[in-house]
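Asker: Can you read through this structure? Questions will come right after.
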Amino acid sequence: MESISVEKTVNGPDGLPRCGWCGQVAEFFPYHDREWGFPVADDQRLFEKLCLESFQSGLSWRTILAKRENFRSAFARFDFHRVAEFGEADVERLLQDAGIIRHRGKIEAVINNARRALELVEKEGSIAAFVWKYEPESQPEPQSQTTSPESVALSKELKKRGWKFVGPTTVYSFMQAMGLVNDHLHACVSREQIDQARQQFQRPV
């Protein structure tokens with residue numbers, strides 16, 4: 001998932017095989033089944049995921065997932081138009097919020113990235129149209145890598161545009177989760193569902 005996994009599956013509550021990382025904690029099953037890998041074209045969801053992946057750096061996805069609703073409340077549900085207006089008083093407020101990860105650098109990065117997102121939308125039309133240009137032409141072997149040439153290129157371009165905490169590994173995790181790659185194991189019950197969703201998905205332009 002958010003890091004390399006061993007090529008194995010674990011049975012879910014219905015007895016069908018899922019990616020092995022689901023077995024770490026029960027709350028991973030609904031995230032895996034309903035979200036991870038389904039293609040997303042909504043700018044707010046894409047921005048949220050980039051932010052949450054940046055907060056995850058050095059931590060576990062379980063920690064971030066458990067605090068996700070707190071993050072949404074703290075950051076105006078990741079409406080980047082609103083977050084772009086946050087100032088120093090908001091930073092201090094967020095540093096006192098025990099419901100999120102209180103890391104000044106990452107908090108300030110979200111505010112910075114919201115402002116960069118506004119610039120990106122003005123130039124590219126949408127976040128979705130921009131990031132989906134980095135969808136790989138061929139799908140990688142599932143859960144065999146933590147970066148890709150496309151994640152390196154997207155990370156480099158985002159940094160060039162002033163985004164922060166968007167390294168190649170963070171960006172690859174974002175690509176896995178938002179459906180730019182289908183990283184479900186071949187034996188996972190969700191892999192075919194994701195393939196179908198990706199086939200039906202209208203790429204933003």
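Residues in the structure tokens are numbered from 1 in each chain, the chains being A, B, ... in the order shown, and ligands are numbered from 1 in the order shown.
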Hey, which bits of stretch 126-180 of chain A sit within 7 Å of stretch 51-67 of chain A, and for each residue what's the closest pair of atoms and how far apart in Å (one decimal), counting only C-alpha atoms, rows by chain and increasing number, as a tab-separated table?
Answerer:
residue	atom	partner	partner_atom	distance
A:Phe165	CA	A:Ser54	CA	5.4
A:Val166	CA	A:Ser54	CA	6.5
A:Thr170	CA	A:Glu53	CA	5.8
A:Phe174	CA	A:Glu53	CA	6.7
Asker: May I have the residues from that selection written out with C-alpha atoms, as a compact mmCIF listing (two decimals), in the first residue's frame?
Answerer:
# COMPACT_ATOMS: atom_id res chain seq x y z
CA PHE A 165 6.93 17.62 1.23
CA VAL A 166 6.23 15.99 -2.15
CA THR A 170 5.17 10.40 -1.14
CA PHE A 174 -0.49 9.28 -3.78
Asker: With the cut-off set at 10 Å and counting only C-alpha atoms, tabulate each residue of stretch 8-97 of chain A with an atom at most that distance from an atom of stretch 202-205 of chain A, showing the nearest atom pair and its distance in Å to one decimal, ordered by chain and increasing number, as JSON lines.
Answerer:
{"residue": "A:Pro39", "atom": "CA", "partner": "A:Arg203", "partner_atom": "CA", "distance": 9.1}
{"residue": "A:Val40", "atom": "CA", "partner": "A:Arg203", "partner_atom": "CA", "distance": 9.3}
{"residue": "A:Ala41", "atom": "CA", "partner": "A:Pro204", "partner_atom": "CA", "distance": 6.7}
{"residue": "A:Asp42", "atom": "CA", "partner": "A:Pro204", "partner_atom": "CA", "distance": 9.6}
Asker: Please extract the residues of chain A with a backbone DSSP assignment of strand (DSSP E or B) and present them as a list of chain:residue names.
Answerer: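 Filtering chain A down to strand (DSSP E or B) leaves A:Thr9, A:Val10, A:Asn11, A:Pro17, A:Arg18, A:Cys19.
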Asker: Determine, counting only C-alpha atoms, which protein, DNA and RNA residues have an atom within 6 Å of an atom of A:Thr9; residues of the same chain fewer than 5 positions away are not included. Present the result as an MDAnalysis selection string.
Answerer: chainID A and resid 17:20
Asker: Could you write those residues out with all heavy atoms, as a PDB file, in the first residue's frame?
Answerer:
ATOM      1  N   PRO A  17      -9.848 -12.914  -0.843  1.00  0.00           N
ATOM      2  CA  PRO A  17      -8.482 -12.416  -0.646  1.00  0.00           C
ATOM      3  C   PRO A  17      -8.329 -10.923  -0.900  1.00  0.00           C
ATOM      4  O   PRO A  17      -8.883 -10.372  -1.849  1.00  0.00           O
ATOM      5  CB  PRO A  17      -7.666 -13.230  -1.658  1.00  0.00           C
ATOM      6  CG  PRO A  17      -8.649 -13.570  -2.736  1.00  0.00           C
ATOM      7  CD  PRO A  17      -9.955 -13.777  -2.042  1.00  0.00           C
ATOM      8  N   ARG A  18      -7.591 -10.269  -0.025  1.00  0.00           N
ATOM      9  CA  ARG A  18      -7.220  -8.864  -0.163  1.00  0.00           C
ATOM     10  C   ARG A  18      -5.693  -8.761  -0.136  1.00  0.00           C
ATOM     11  O   ARG A  18      -4.996  -9.703   0.210  1.00  0.00           O
ATOM     12  CB  ARG A  18      -7.750  -8.023   0.994  1.00  0.00           C
ATOM     13  CG  ARG A  18      -9.235  -7.905   1.301  1.00  0.00           C
ATOM     14  CD  ARG A  18     -10.176  -7.927   0.190  1.00  0.00           C
ATOM     15  NE  ARG A  18     -11.501  -7.420   0.573  1.00  0.00           N
ATOM     16  CZ  ARG A  18     -12.534  -8.203   0.900  1.00  0.00           C
ATOM     17  NH1 ARG A  18     -12.409  -9.519   0.941  1.00  0.00           N
ATOM     18  NH2 ARG A  18     -13.711  -7.651   1.174  1.00  0.00           N
ATOM     19  N   CYS A  19      -5.203  -7.572  -0.452  1.00  0.00           N
ATOM     20  CA  CYS A  19      -3.771  -7.311  -0.313  1.00  0.00           C
ATOM     21  C   CYS A  19      -3.351  -7.553   1.140  1.00  0.00           C
ATOM     22  O   CYS A  19      -4.087  -7.220   2.073  1.00  0.00           O
ATOM     23  CB  CYS A  19      -3.467  -5.862  -0.701  1.00  0.00           C
ATOM     24  SG  CYS A  19      -3.772  -5.485  -2.438  1.00  0.00           S
ATOM     25  N   GLY A  20      -2.174  -8.116   1.304  1.00  0.00           N
ATOM     26  CA  GLY A  20      -1.739  -8.547   2.622  1.00  0.00           C
ATOM     27  C   GLY A  20      -1.691  -7.465   3.674  1.00  0.00           C
ATOM     28  O   GLY A  20      -1.882  -7.741   4.860  1.00  0.00           O
TER      29      GLY A  20
END
Asker: Please determine, counting only C-alpha atoms, which residue among A:His32, A:Lys49, A:Lys8, A:His186 has the shortest atom-to-atom distance to A:Val110.
Answerer: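 Using only C-alpha atoms, the shortest distance to A:Val110 belongs to A:Lys49.
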Asker: Here is a test: counting only C-alpha atoms, which residue of A:Leu158, A:Pro142, A:Lys106, A:Asp97 is nearest to A:Arg191?
Answerer: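 When distances to A:Arg191 are compared using only C-alpha atoms, the smallest one comes from A:Pro142.
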Asker: Which residues come within 8 Å of A:Ala117, counting only C-alpha atoms, excluding same-chain residues fewer than 5 positions away, as a PDB file with N, CA and C atoms, in the first residue's frame?
Answerer:
ATOM      1  N   PHE A  47      -6.017  16.998  -3.582  1.00  0.00           N
ATOM      2  CA  PHE A  47      -5.228  17.862  -2.702  1.00  0.00           C
ATOM      3  C   PHE A  47      -5.152  17.269  -1.302  1.00  0.00           C
ATOM      4  N   PHE A  80      -8.676  23.875  -0.787  1.00  0.00           N
ATOM      5  CA  PHE A  80      -7.424  24.630  -0.903  1.00  0.00           C
ATOM      6  C   PHE A  80      -7.657  26.124  -1.117  1.00  0.00           C
ATOM      7  N   ILE A 127      -6.156  20.495 -10.791  1.00  0.00           N
ATOM      8  CA  ILE A 127      -5.124  19.598 -10.262  1.00  0.00           C
ATOM      9  C   ILE A 127      -5.203  18.263 -10.974  1.00  0.00           C
TER      10      ILE A 127
END
Asker: Check the smallest atom-to-atom distance from each of A:Lys160, A:His184, A:Arg34, A:Arg68 to A:Ile101 using only C-alpha atoms, then report the winner.
Answerer: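 Residue with the minimum atom-to-atom distance to A:Ile101: A:Arg68.
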Asker: When distances are computed from only C-alpha atoms, which of A:Asp195, A:Glu35, A:Glu88, A:Asp14 shows the smallest separation from A:Val181?
Answerer: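 Closest to A:Val181 of all the choices is A:Asp195.
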Asker: So which residues touch A:Arg102 within 12 Å, counting only C-alpha atoms, skipping near sequence neighbours fewer than 5 positions away, as a PyMOL selection string?
Answerer: chain A and resi 55-56+67+70-71+74+91-97+107-108
Asker: Fewer than 4 positions away in the same chain doesn't count, so skip those; otherwise give me all residues within 12 Å of A:Pro140, counting only C-alpha atoms, as a PyMOL selection string.
Answerer: chain A and resi 135-136+144-150+172+175-176+180-186
Asker: Would you list, as a ChimeraX atom specification, the residues of stretch 35-105 of chain A that end up in alpha helix (DSSP H) under DSSP run on this structure's backbone?
Answerer: /A:43-56,61-66,68-74,80-83,88-95,104-105
Asker: Please provide as a VMD selection string all residues within 9 Å of A:Trp163, with the sequence filter that same-chain residues fewer than 5 positions apart are discarded (counting only C-alpha atoms).
Answerer: chain A and resid 109 to 110 112 to 114 116 to 117 155 157 to 158
Asker: Can those selected residues be exported to a file as a PDB file, in the first residue's frame so that it contains N, CA, C and O atoms?
Answerer:
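Saved the output as part_2.pdb:
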ATOM      1  N   ALA A 109       3.572  23.540   5.223  1.00  0.00           N
ATOM      2  CA  ALA A 109       3.633  23.019   3.856  1.00  0.00           C
ATOM      3  C   ALA A 109       2.236  22.897   3.260  1.00  0.00           C
ATOM      4  O   ALA A 109       2.032  23.181   2.070  1.00  0.00           O
ATOM      5  N   VAL A 110       1.251  22.474   4.045  1.00  0.00           N
ATOM      6  CA  VAL A 110      -0.119  22.369   3.549  1.00  0.00           C
ATOM      7  C   VAL A 110      -0.624  23.741   3.117  1.00  0.00           C
ATOM      8  O   VAL A 110      -1.250  23.878   2.046  1.00  0.00           O
ATOM      9  N   ASN A 112       1.206  26.389   2.275  1.00  0.00           N
ATOM     10  CA  ASN A 112       1.974  26.740   1.074  1.00  0.00           C
ATOM     11  C   ASN A 112       1.441  26.005  -0.149  1.00  0.00           C
ATOM     12  O   ASN A 112       1.244  26.602  -1.221  1.00  0.00           O
ATOM     13  N   ASN A 113       1.193  24.707  -0.001  1.00  0.00           N
ATOM     14  CA  ASN A 113       0.755  23.908  -1.146  1.00  0.00           C
ATOM     15  C   ASN A 113      -0.639  24.304  -1.609  1.00  0.00           C
ATOM     16  O   ASN A 113      -0.958  24.176  -2.796  1.00  0.00           O
ATOM     17  N   ALA A 114      -1.468  24.775  -0.697  1.00  0.00           N
ATOM     18  CA  ALA A 114      -2.791  25.268  -1.091  1.00  0.00           C
ATOM     19  C   ALA A 114      -2.638  26.480  -2.011  1.00  0.00           C
ATOM     20  O   ALA A 114      -3.361  26.614  -3.013  1.00  0.00           O
ATOM     21  N   ARG A 116       0.004  27.124  -3.848  1.00  0.00           N
ATOM     22  CA  ARG A 116       0.558  26.620  -5.103  1.00  0.00           C
ATOM     23  C   ARG A 116      -0.515  25.900  -5.928  1.00  0.00           C
ATOM     24  O   ARG A 116      -0.475  25.926  -7.160  1.00  0.00           O
ATOM     25  N   ALA A 117      -1.476  25.270  -5.236  1.00  0.00           N
ATOM     26  CA  ALA A 117      -2.574  24.595  -5.938  1.00  0.00           C
ATOM     27  C   ALA A 117      -3.415  25.602  -6.711  1.00  0.00           C
ATOM     28  O   ALA A 117      -3.849  25.333  -7.841  1.00  0.00           O
ATOM     29  N   SER A 155       7.044  14.562  -8.853  1.00  0.00           N
ATOM     30  CA  SER A 155       7.644  15.186  -7.674  1.00  0.00           C
ATOM     31  C   SER A 155       8.540  16.344  -8.075  1.00  0.00           C
ATOM     32  O   SER A 155       8.467  17.439  -7.497  1.00  0.00           O
ATOM     33  N   GLU A 157       8.426  18.176 -10.777  1.00  0.00           N
ATOM     34  CA  GLU A 157       7.658  19.296 -11.318  1.00  0.00           C
ATOM     35  C   GLU A 157       6.923  20.050 -10.212  1.00  0.00           C
ATOM     36  O   GLU A 157       6.845  21.279 -10.229  1.00  0.00           O
ATOM     37  N   LEU A 158       6.357  19.308  -9.257  1.00  0.00           N
ATOM     38  CA  LEU A 158       5.684  19.967  -8.138  1.00  0.00           C
ATOM     39  C   LEU A 158       6.671  20.830  -7.344  1.00  0.00           C
ATOM     40  O   LEU A 158       6.367  21.976  -6.982  1.00  0.00           O
TER      41      LEU A 158
END
Asker: If you measure from atom CA of A:Ile100 to atom CA of A:Gln143, what distance in Å do you get, rounded to one decimal?
Answerer: 28.2 Å
Asker: Here is a test: counting only C-alpha atoms, which residue of A:Pro30, A:Gly105, A:Gly162, A:Glu69 is nearest to A:Leu120?
Answerer: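 Closest candidate: A:Gly162.
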